[in-house]
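Student: Contents of coords25.pdb (PDB, C-alpha atoms, pLDDT in the B column):
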```pdb
MODEL        1
ATOM      1  CA  MET J   3      10.405 216.156 104.506  1.00 51.00           C
ATOM      2  CA  GLY J   4       7.609 213.845 105.651  1.00 64.00           C
ATOM      3  CA  ASP J   5       4.650 214.841 107.793  1.00 74.00           C
ATOM      4  CA  GLN J   6       6.155 213.215 110.867  1.00 85.00           C
ATOM      5  CA  GLY J   7       9.434 215.083 110.341  1.00 86.00           C
ATOM      6  CA  ARG J   8       7.635 218.384 109.706  1.00 83.00           C
ATOM      7  CA  GLY J   9       5.529 217.873 112.796  1.00 84.00           C
ATOM      8  CA  LEU J  10       8.537 217.019 114.941  1.00 89.00           C
ATOM      9  CA  ARG J  11      10.457 220.065 113.718  1.00 87.00           C
ATOM     10  CA  ARG J  12       7.498 222.404 114.231  1.00 82.00           C
ATOM     11  CA  MET J  13       6.827 221.095 117.750  1.00 82.00           C
ATOM     12  CA  ARG J  14      10.519 221.407 118.633  1.00 84.00           C
ATOM     13  CA  LEU J  15      10.724 224.972 117.298  1.00 79.00           C
ATOM     14  CA  LEU J  16       7.558 225.974 119.153  1.00 75.00           C
ATOM     15  CA  ARG J  17       9.265 224.776 122.328  1.00 74.00           C
ATOM     16  CA  GLN J  18      12.383 226.725 121.368  1.00 72.00           C
ATOM     17  CA  MET J  19      14.351 223.528 121.899  1.00 81.00           C
ATOM     18  CA  LYS J  20      17.621 222.765 120.144  1.00 87.00           C
ATOM     19  CA  GLN J  21      18.021 219.503 118.269  1.00 90.00           C
ATOM     20  CA  SER J  22      20.844 218.554 120.613  1.00 89.00           C
ATOM     21  CA  HIS J  23      18.607 218.959 123.670  1.00 86.00           C
ATOM     22  CA  LEU J  24      15.820 216.864 122.137  1.00 89.00           C
ATOM     23  CA  ALA J  25      18.434 214.274 121.166  1.00 90.00           C
ATOM     24  CA  GLU J  26      19.670 214.120 124.757  1.00 87.00           C
ATOM     25  CA  LEU J  27      16.123 213.681 126.086  1.00 86.00           C
ATOM     26  CA  MET J  28      15.391 210.987 123.486  1.00 89.00           C
ATOM     27  CA  GLY J  29      18.675 209.116 124.029  1.00 90.00           C
ATOM     28  CA  VAL J  30      19.948 209.628 120.482  1.00 93.00           C
ATOM     29  CA  ASP J  31      22.489 211.930 118.844  1.00 94.00           C
ATOM     30  CA  GLN J  32      21.715 215.288 117.212  1.00 93.00           C
ATOM     31  CA  ALA J  33      22.266 213.867 113.721  1.00 95.00           C
ATOM     32  CA  THR J  34      19.443 211.379 114.312  1.00 94.00           C
ATOM     33  CA  VAL J  35      17.030 214.188 115.240  1.00 93.00           C
ATOM     34  CA  SER J  36      18.111 216.051 112.099  1.00 93.00           C
ATOM     35  CA  ARG J  37      17.431 212.948 109.978  1.00 94.00           C
ATOM     36  CA  TRP J  38      14.006 212.523 111.590  1.00 93.00           C
ATOM     37  CA  GLU J  39      13.088 216.136 110.862  1.00 91.00           C
ATOM     38  CA  ARG J  40      14.234 215.907 107.239  1.00 91.00           C
ATOM     39  CA  GLY J  41      12.302 212.672 106.721  1.00 90.00           C
ATOM     40  CA  ILE J  42      15.457 210.673 105.974  1.00 92.00           C
ATOM     41  CA  LEU J  43      14.898 208.427 108.986  1.00 93.00           C
ATOM     42  CA  ASP J  44      11.540 207.443 110.484  1.00 92.00           C
ATOM     43  CA  LEU J  45      10.932 207.440 114.205  1.00 92.00           C
ATOM     44  CA  SER J  46       9.771 204.161 115.686  1.00 91.00           C
ATOM     45  CA  GLU J  47       6.267 204.206 117.175  1.00 90.00           C
ATOM     46  CA  THR J  48       7.788 204.315 120.679  1.00 89.00           C
ATOM     47  CA  GLN J  49      10.106 207.190 119.741  1.00 91.00           C
ATOM     48  CA  TRP J  50       7.231 209.146 118.152  1.00 89.00           C
ATOM     49  CA  ILE J  51       5.086 208.742 121.282  1.00 87.00           C
ATOM     50  CA  SER J  52       8.014 209.831 123.486  1.00 85.00           C
ATOM     51  CA  ALA J  53       8.779 212.847 121.303  1.00 88.00           C
ATOM     52  CA  ARG J  54       5.140 213.951 121.337  1.00 85.00           C
ATOM     53  CA  ARG J  55       4.976 213.620 125.124  1.00 81.00           C
ATOM     54  CA  LEU J  56       8.108 215.741 125.462  1.00 81.00           C
ATOM     55  CA  LEU J  57       7.042 218.384 122.967  1.00 82.00           C
ATOM     56  CA  MET J  58       3.259 218.613 123.270  1.00 75.00           C
ATOM     57  CA  GLY J  59       2.894 219.339 126.973  1.00 66.00           C
ATOM     58  CA  PRO J  60       1.332 222.581 128.181  1.00 61.00           C
ATOM     59  CA  PHE J  61       2.865 225.825 127.005  1.00 59.00           C
ATOM     60  CA  GLU J  62       3.574 228.890 129.069  1.00 66.00           C
ATOM     61  CA  PRO J  63       1.383 231.891 128.119  1.00 72.00           C
ATOM     62  CA  ALA J  64       4.402 233.553 126.499  1.00 75.00           C
ATOM     63  CA  GLN J  65       4.659 230.564 124.176  1.00 78.00           C
ATOM     64  CA  ASP J  66       1.092 231.147 122.976  1.00 85.00           C
ATOM     65  CA  ALA J  67       2.099 234.696 122.040  1.00 87.00           C
ATOM     66  CA  ALA J  68       5.188 233.347 120.274  1.00 88.00           C
ATOM     67  CA  LEU J  69       3.048 230.825 118.389  1.00 90.00           C
ATOM     68  CA  LYS J  70       0.702 233.604 117.273  1.00 93.00           C
ATOM     69  CA  ARG J  71       3.677 235.665 116.052  1.00 94.00           C
ATOM     70  CA  LEU J  72       5.080 232.665 114.161  1.00 94.00           C
ATOM     71  CA  VAL J  73       1.752 232.098 112.426  1.00 96.00           C
ATOM     72  CA  GLU J  74       1.249 235.782 111.618  1.00 96.00           C
ATOM     73  CA  SER J  75       4.785 236.191 110.253  1.00 96.00           C
ATOM     74  CA  SER J  76       4.825 232.957 108.239  1.00 96.00           C
ATOM     75  CA  THR J  77       5.445 233.240 104.514  1.00 96.00           C
ATOM     76  CA  ARG J  78       3.279 230.149 104.000  1.00 96.00           C
ATOM     77  CA  LYS J  79      -0.517 229.953 103.894  1.00 97.00           C
ATOM     78  CA  VAL J  80      -1.197 229.030 107.514  1.00 97.00           C
ATOM     79  CA  HIS J  81      -3.795 229.696 110.178  1.00 97.00           C
ATOM     80  CA  LEU J  82      -4.462 228.599 113.746  1.00 97.00           C
ATOM     81  CA  VAL J  83      -7.895 227.643 115.073  1.00 97.00           C
ATOM     82  CA  CYS J  84      -9.271 226.223 118.299  1.00 94.00           C
ATOM     83  CA  ASP J  85      -9.452 222.490 117.619  1.00 93.00           C
ATOM     84  CA  LEU J  86     -12.841 222.145 119.312  1.00 89.00           C
ATOM     85  CA  THR J  87     -14.748 225.276 118.254  1.00 93.00           C
ATOM     86  CA  HIS J  88     -12.825 226.129 115.057  1.00 96.00           C
ATOM     87  CA  ARG J  89     -12.539 229.757 116.248  1.00 95.00           C
ATOM     88  CA  LEU J  90      -9.817 231.576 114.310  1.00 96.00           C
ATOM     89  CA  LEU J  91      -6.874 232.516 116.553  1.00 96.00           C
ATOM     90  CA  ALA J  92      -4.297 233.753 114.007  1.00 97.00           C
ATOM     91  CA  ALA J  93      -3.561 233.781 110.272  1.00 98.00           C
ATOM     92  CA  SER J  94      -0.549 234.513 108.082  1.00 98.00           C
ATOM     93  CA  ALA J  95      -0.593 237.290 105.479  1.00 97.00           C
ATOM     94  CA  PRO J  96      -0.521 234.779 102.570  1.00 97.00           C
ATOM     95  CA  ARG J  97      -3.592 233.033 104.046  1.00 96.00           C
ATOM     96  CA  GLN J  98      -5.363 236.373 104.537  1.00 96.00           C
ATOM     97  CA  ALA J  99      -4.604 237.299 100.910  1.00 95.00           C
ATOM     98  CA  GLU J 100      -6.951 234.477  99.814  1.00 92.00           C
ATOM     99  CA  TRP J 101      -9.815 236.027 101.766  1.00 93.00           C
ATOM    100  CA  ARG J 102     -11.889 238.886 100.405  1.00 92.00           C
ATOM    101  CA  THR J 103     -12.844 240.222 103.840  1.00 91.00           C
ATOM    102  CA  GLY J 104     -10.446 241.554 106.476  1.00 92.00           C
ATOM    103  CA  LEU J 105      -9.020 239.388 109.234  1.00 94.00           C
ATOM    104  CA  SER J 106     -10.978 241.262 111.916  1.00 93.00           C
ATOM    105  CA  GLU J 107     -14.206 239.820 110.481  1.00 94.00           C
ATOM    106  CA  PHE J 108     -13.015 236.277 111.195  1.00 96.00           C
ATOM    107  CA  LEU J 109     -10.873 236.489 114.364  1.00 94.00           C
ATOM    108  CA  GLY J 110     -12.563 234.768 117.280  1.00 93.00           C
ATOM    109  CA  LYS J 111     -15.291 233.342 115.051  1.00 95.00           C
ATOM    110  CA  SER J 112     -15.744 229.726 113.988  1.00 96.00           C
ATOM    111  CA  LEU J 113     -14.501 228.999 110.477  1.00 96.00           C
ATOM    112  CA  ARG J 114     -16.451 225.742 110.282  1.00 95.00           C
ATOM    113  CA  VAL J 115     -19.308 227.453 108.397  1.00 95.00           C
ATOM    114  CA  TYR J 116     -16.854 228.199 105.544  1.00 96.00           C
ATOM    115  CA  ALA J 117     -15.501 224.643 105.264  1.00 96.00           C
ATOM    116  CA  SER J 118     -15.692 222.715 102.007  1.00 96.00           C
ATOM    117  CA  PRO J 119     -17.425 219.305 102.002  1.00 96.00           C
ATOM    118  CA  GLU J 120     -13.995 217.604 101.979  1.00 97.00           C
ATOM    119  CA  ILE J 121     -12.873 219.529 105.066  1.00 96.00           C
ATOM    120  CA  LEU J 122     -16.118 218.721 106.888  1.00 96.00           C
ATOM    121  CA  ALA J 123     -15.735 215.020 106.041  1.00 96.00           C
ATOM    122  CA  ALA J 124     -12.112 214.969 107.238  1.00 96.00           C
ATOM    123  CA  ASP J 125     -13.066 216.790 110.440  1.00 96.00           C
ATOM    124  CA  THR J 126     -15.859 214.291 111.099  1.00 95.00           C
ATOM    125  CA  ALA J 127     -13.402 211.386 110.697  1.00 96.00           C
ATOM    126  CA  LEU J 128     -10.916 212.735 113.265  1.00 95.00           C
ATOM    127  CA  ASN J 129     -12.460 210.971 116.246  1.00 90.00           C
ATOM    128  CA  ASP J 130     -12.253 207.562 114.572  1.00 92.00           C
ATOM    129  CA  LEU J 131      -8.622 208.256 113.627  1.00 92.00           C
ATOM    130  CA  GLY J 132      -7.627 208.899 117.256  1.00 88.00           C
ATOM    131  CA  TRP J 133      -7.085 212.645 116.812  1.00 89.00           C
ATOM    132  CA  TYR J 134      -8.703 213.608 120.108  1.00 83.00           C
ATOM    133  CA  ASP J 135      -7.049 210.932 122.236  1.00 77.00           C
ATOM    134  CA  GLY J 136      -3.479 211.588 121.094  1.00 75.00           C
ATOM    135  CA  GLN J 137      -3.034 208.710 118.643  1.00 80.00           C
ATOM    136  CA  LEU J 138      -2.694 211.136 115.736  1.00 84.00           C
ATOM    137  CA  SER J 139      -1.193 214.627 115.865  1.00 86.00           C
ATOM    138  CA  SER J 140      -1.028 215.509 112.173  1.00 92.00           C
ATOM    139  CA  LEU J 141      -3.064 214.692 109.101  1.00 95.00           C
ATOM    140  CA  GLU J 142      -2.948 215.631 105.417  1.00 96.00           C
ATOM    141  CA  VAL J 143      -6.345 216.644 104.081  1.00 96.00           C
ATOM    142  CA  ASN J 144      -7.353 217.030 100.434  1.00 95.00           C
ATOM    143  CA  THR J 145      -9.619 220.031 100.032  1.00 94.00           C
ATOM    144  CA  GLY J 146     -12.088 221.078  97.428  1.00 93.00           C
ATOM    145  CA  PRO J 147     -13.380 224.591  96.924  1.00 94.00           C
ATOM    146  CA  ASN J 148     -16.004 226.087  99.186  1.00 94.00           C
ATOM    147  CA  SER J 149     -18.809 228.303  97.947  1.00 90.00           C
ATOM    148  CA  ASP J 150     -18.161 231.388 100.063  1.00 93.00           C
ATOM    149  CA  ALA J 151     -17.135 234.627  98.400  1.00 90.00           C
ATOM    150  CA  ASP J 152     -15.541 236.185 101.502  1.00 92.00           C
ATOM    151  CA  LEU J 153     -13.431 233.336 102.886  1.00 94.00           C
ATOM    152  CA  VAL J 154     -12.252 231.445  99.838  1.00 92.00           C
ATOM    153  CA  ILE J 155     -10.917 227.894 100.128  1.00 94.00           C
ATOM    154  CA  LEU J 156      -9.088 226.672  97.050  1.00 92.00           C
ATOM    155  CA  PRO J 157      -8.684 223.012  96.052  1.00 95.00           C
ATOM    156  CA  GLY J 158      -5.429 221.547  97.318  1.00 96.00           C
ATOM    157  CA  ARG J 159      -3.824 219.772 100.275  1.00 97.00           C
ATOM    158  CA  MET J 160      -3.583 220.972 103.853  1.00 97.00           C
ATOM    159  CA  LEU J 161      -1.621 219.706 106.801  1.00 97.00           C
ATOM    160  CA  TRP J 162      -3.484 219.752 110.108  1.00 97.00           C
ATOM    161  CA  GLU J 163      -1.339 219.635 113.243  1.00 95.00           C
ATOM    162  CA  ARG J 164      -2.775 219.413 116.756  1.00 92.00           C
ATOM    163  CA  ILE J 165      -1.017 221.356 119.503  1.00 88.00           C
ATOM    164  CA  MET J 166      -1.928 222.389 123.037  1.00 83.00           C
ATOM    165  CA  LEU J 167      -2.188 225.995 124.205  1.00 83.00           C
ATOM    166  CA  ALA J 168      -1.147 227.302 127.627  1.00 76.00           C
ATOM    167  CA  ASP J 169      -4.654 226.933 129.047  1.00 69.00           C
ATOM    168  CA  GLY J 170      -4.754 223.290 127.968  1.00 69.00           C
ATOM    169  CA  ALA J 171      -7.053 223.972 125.024  1.00 79.00           C
ATOM    170  CA  PRO J 172      -6.194 222.076 121.849  1.00 86.00           C
ATOM    171  CA  ALA J 173      -5.473 224.102 118.726  1.00 93.00           C
ATOM    172  CA  ARG J 174      -5.126 223.112 115.096  1.00 96.00           C
ATOM    173  CA  LEU J 175      -2.375 224.564 112.927  1.00 97.00           C
ATOM    174  CA  VAL J 176      -3.557 224.470 109.303  1.00 98.00           C
ATOM    175  CA  THR J 177      -0.914 224.784 106.566  1.00 97.00           C
ATOM    176  CA  THR J 178      -1.495 224.645 102.819  1.00 96.00           C
ATOM    177  CA  ILE J 179       1.068 222.218 101.380  1.00 94.00           C
ATOM    178  CA  ALA J 180      -0.105 221.938  97.771  1.00 88.00           C
TER
ENDMDL
END
```
Translate the structure described by the file into structure tokens.

Tutor:
Amino acid sequence: MGDQGRGLRRMRLLRQMKQSHLAELMGVDQATVSRWERGILDLSETQWISARRLLMGPFEPAQDAALKRLVESSTRKVHLVCDLTHRLLAASAPRQAEWRTGLSEFLGKSLRVYASPEILAADTALNDLGWYDGQLSSLEVNTGPNSDADLVILPGRMLWERIMLADGAPARLVTTIA
């Protein structure tokens, strides 16, 4: 599954929308949405923009709570931060298992101080890539290790996905993919 397909599926699931409903809104059949999500078929640029507009609008407060539960119950290494301040909003148990200090020490605090040089460089490049003006909603980032003993970052690849919270604040869903 490609990044675009993963992003589309995640956004659709966060909206609790069936493939058939998204297909109807997009003017395609359900099988096409399934192919998009599995990475078998690419969305055109126009379709991708339309899908993001449909799926990235403001959430209801209950959807923020559902998002937090999805992150916390994920079996993957995933965490959610405020996209502007990098404050930690939620983390899965597998992500927390990498850390040597309890979650309560990090919740509500900026994780930027723990970032590896590769993460800082990728974060700095986001503006030029169109991240903040909606041109880009997901990005794969290669990470190197950081030098912190409490919040360990291992070398690998992460997927960053930008989503909006109920109050209109942007958040970043960070998933380890390799």

Student: Taking the file as shown, find all residues satisfying the PyMOL selection byres ((chain J and resi 7-21) around 9) and write them as a ChimeraX atom specification.

Tutor: /J:3-6,22-26,31-33,35-45,50,53-54,57-58,61,65,68-69,72,139-140,163,165

Student: Between CA of Leu175 in chain J and CA of Val83 in chain J, what is the spacing in Å?

Tutor: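 Computing the Euclidean distance for CA of Val83 in chain J and CA of Leu175 in chain J yields 6.7 Å.
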
Student: With distances taken over all atoms listed in the file, which residue among J:Gly29, J:Gly146, J:Pro96, J:Pro157 lies nearest Ala123 in chain J?

Tutor: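 Nearest candidate to Ala123 in chain J out of J:Gly29, J:Gly146, J:Pro96, J:Pro157: J:Gly146.
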
Student: So how far away is CA of Glu100 in chain J from CA of Glu142 in chain J, in Å?

Tutor: 20.1 Å

Student: Which one of J:Phe108, J:Trp133, J:Tyr116, J:Trp101 sits closest to Asp152 in chain J if you count only C-alpha atoms?

Tutor: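 Ranking J:Phe108, J:Trp133, J:Tyr116, J:Trp101 by distance to Asp152 in chain J, first place goes to J:Trp101.
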
Student: Please provide as a VMD selection string all residues within 10 Å of Ser76 in chain J, with the sequence filter that same-chain residues fewer than 6 positions apart are discarded (counting only C-alpha atoms).

Tutor: chain J and resid 70 93 to 97

Student: Run the PyMOL selection byres ((chain J and resi 172) around 12) on the file and write out the hits as an NGL selection string.

Tutor: :J and (58-61 or 66 or 82-89 or 91 or 133-136 or 139 or 163-171 or 173-175)

Student: If you measure from CA of Ser112 in chain J to CA of Leu90 in chain J, what distance in Å do you get, rounded to one decimal?

Tutor: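 Going from CA of Ser112 in chain J over to CA of Leu90 in chain J covers 6.2 Å.
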
Student: What box, with edges along x, y and z, holds each listed atom of range 128-138 of chain J when 5 Å is added on every side, and can you state its centre and edge lengths in Å to one decimal, as lines of an AutoDock Vina configuration file?

Tutor:
```
center_x = -7.6
center_y = 210.6
center_z = 117.8
size_x = 19.8
size_y = 16.0
size_z = 19.0
```

Student: Given all atoms listed in the file as the basis, pick out the residue of J:Ala117, J:Val30, J:Asp125, J:Ile179 nearest to Ser149 in chain J.

Tutor: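 Nearest to Ser149 in chain J: J:Ala117.
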
Student: Using only C-alpha atoms, pick whichever of J:Glu120, J:Leu56, J:Leu105, J:Thr77 has the shortest atom-to-atom distance to Thr177 in chain J.

Tutor: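 For Thr177 in chain J, the nearest of the given residues is J:Thr77.
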
Student: Residue by residue, what does the PyMOL selection byres ((chain J and resi 147) around 12) grab here? Present the result as a VMD selection string.

Tutor: chain J and resid 116 to 122 144 to 146 148 to 151 153 to 159

Student: From the structure block, carefully write range 99-129 of chain J out with C-alpha atoms; format it as a tab-separated table (two decimals), in the first residue's frame.

Tutor:
```tsv
chain	number	residue	atom	x	y	z
J	99	ALA	CA	7.84	0.73	24.96
J	100	GLU	CA	10.76	2.45	23.18
J	101	TRP	CA	10.84	5.17	25.83
J	102	ARG	CA	12.57	4.71	29.16
J	103	THR	CA	10.38	7.23	30.99
J	104	GLY	CA	6.61	6.99	31.48
J	105	LEU	CA	4.13	8.60	29.13
J	106	SER	CA	3.02	11.11	31.78
J	107	GLU	CA	6.46	12.75	31.58
J	108	PHE	CA	5.92	13.58	27.90
J	109	LEU	CA	2.16	14.23	27.50
J	110	GLY	CA	1.47	17.87	26.75
J	111	LYS	CA	5.17	18.64	26.32
J	112	SER	CA	7.01	19.39	23.08
J	113	LEU	CA	8.94	16.43	21.70
J	114	ARG	CA	11.03	18.64	19.43
J	115	VAL	CA	13.89	18.72	21.96
J	116	TYR	CA	14.25	14.92	21.53
J	117	ALA	CA	14.34	14.98	17.71
J	118	SER	CA	17.26	13.53	15.79
J	119	PRO	CA	19.10	15.78	13.30
J	120	GLU	CA	17.27	14.03	10.43
J	121	ILE	CA	13.87	14.75	11.99
J	122	LEU	CA	14.79	18.39	12.59
J	123	ALA	CA	15.95	18.76	8.98
J	124	ALA	CA	12.75	17.18	7.63
J	125	ASP	CA	10.62	19.38	9.89
J	126	THR	CA	12.47	22.49	8.69
J	127	ALA	CA	11.79	21.52	5.05
J	128	LEU	CA	8.02	21.17	5.52
J	129	ASN	CA	7.20	24.77	4.68
```
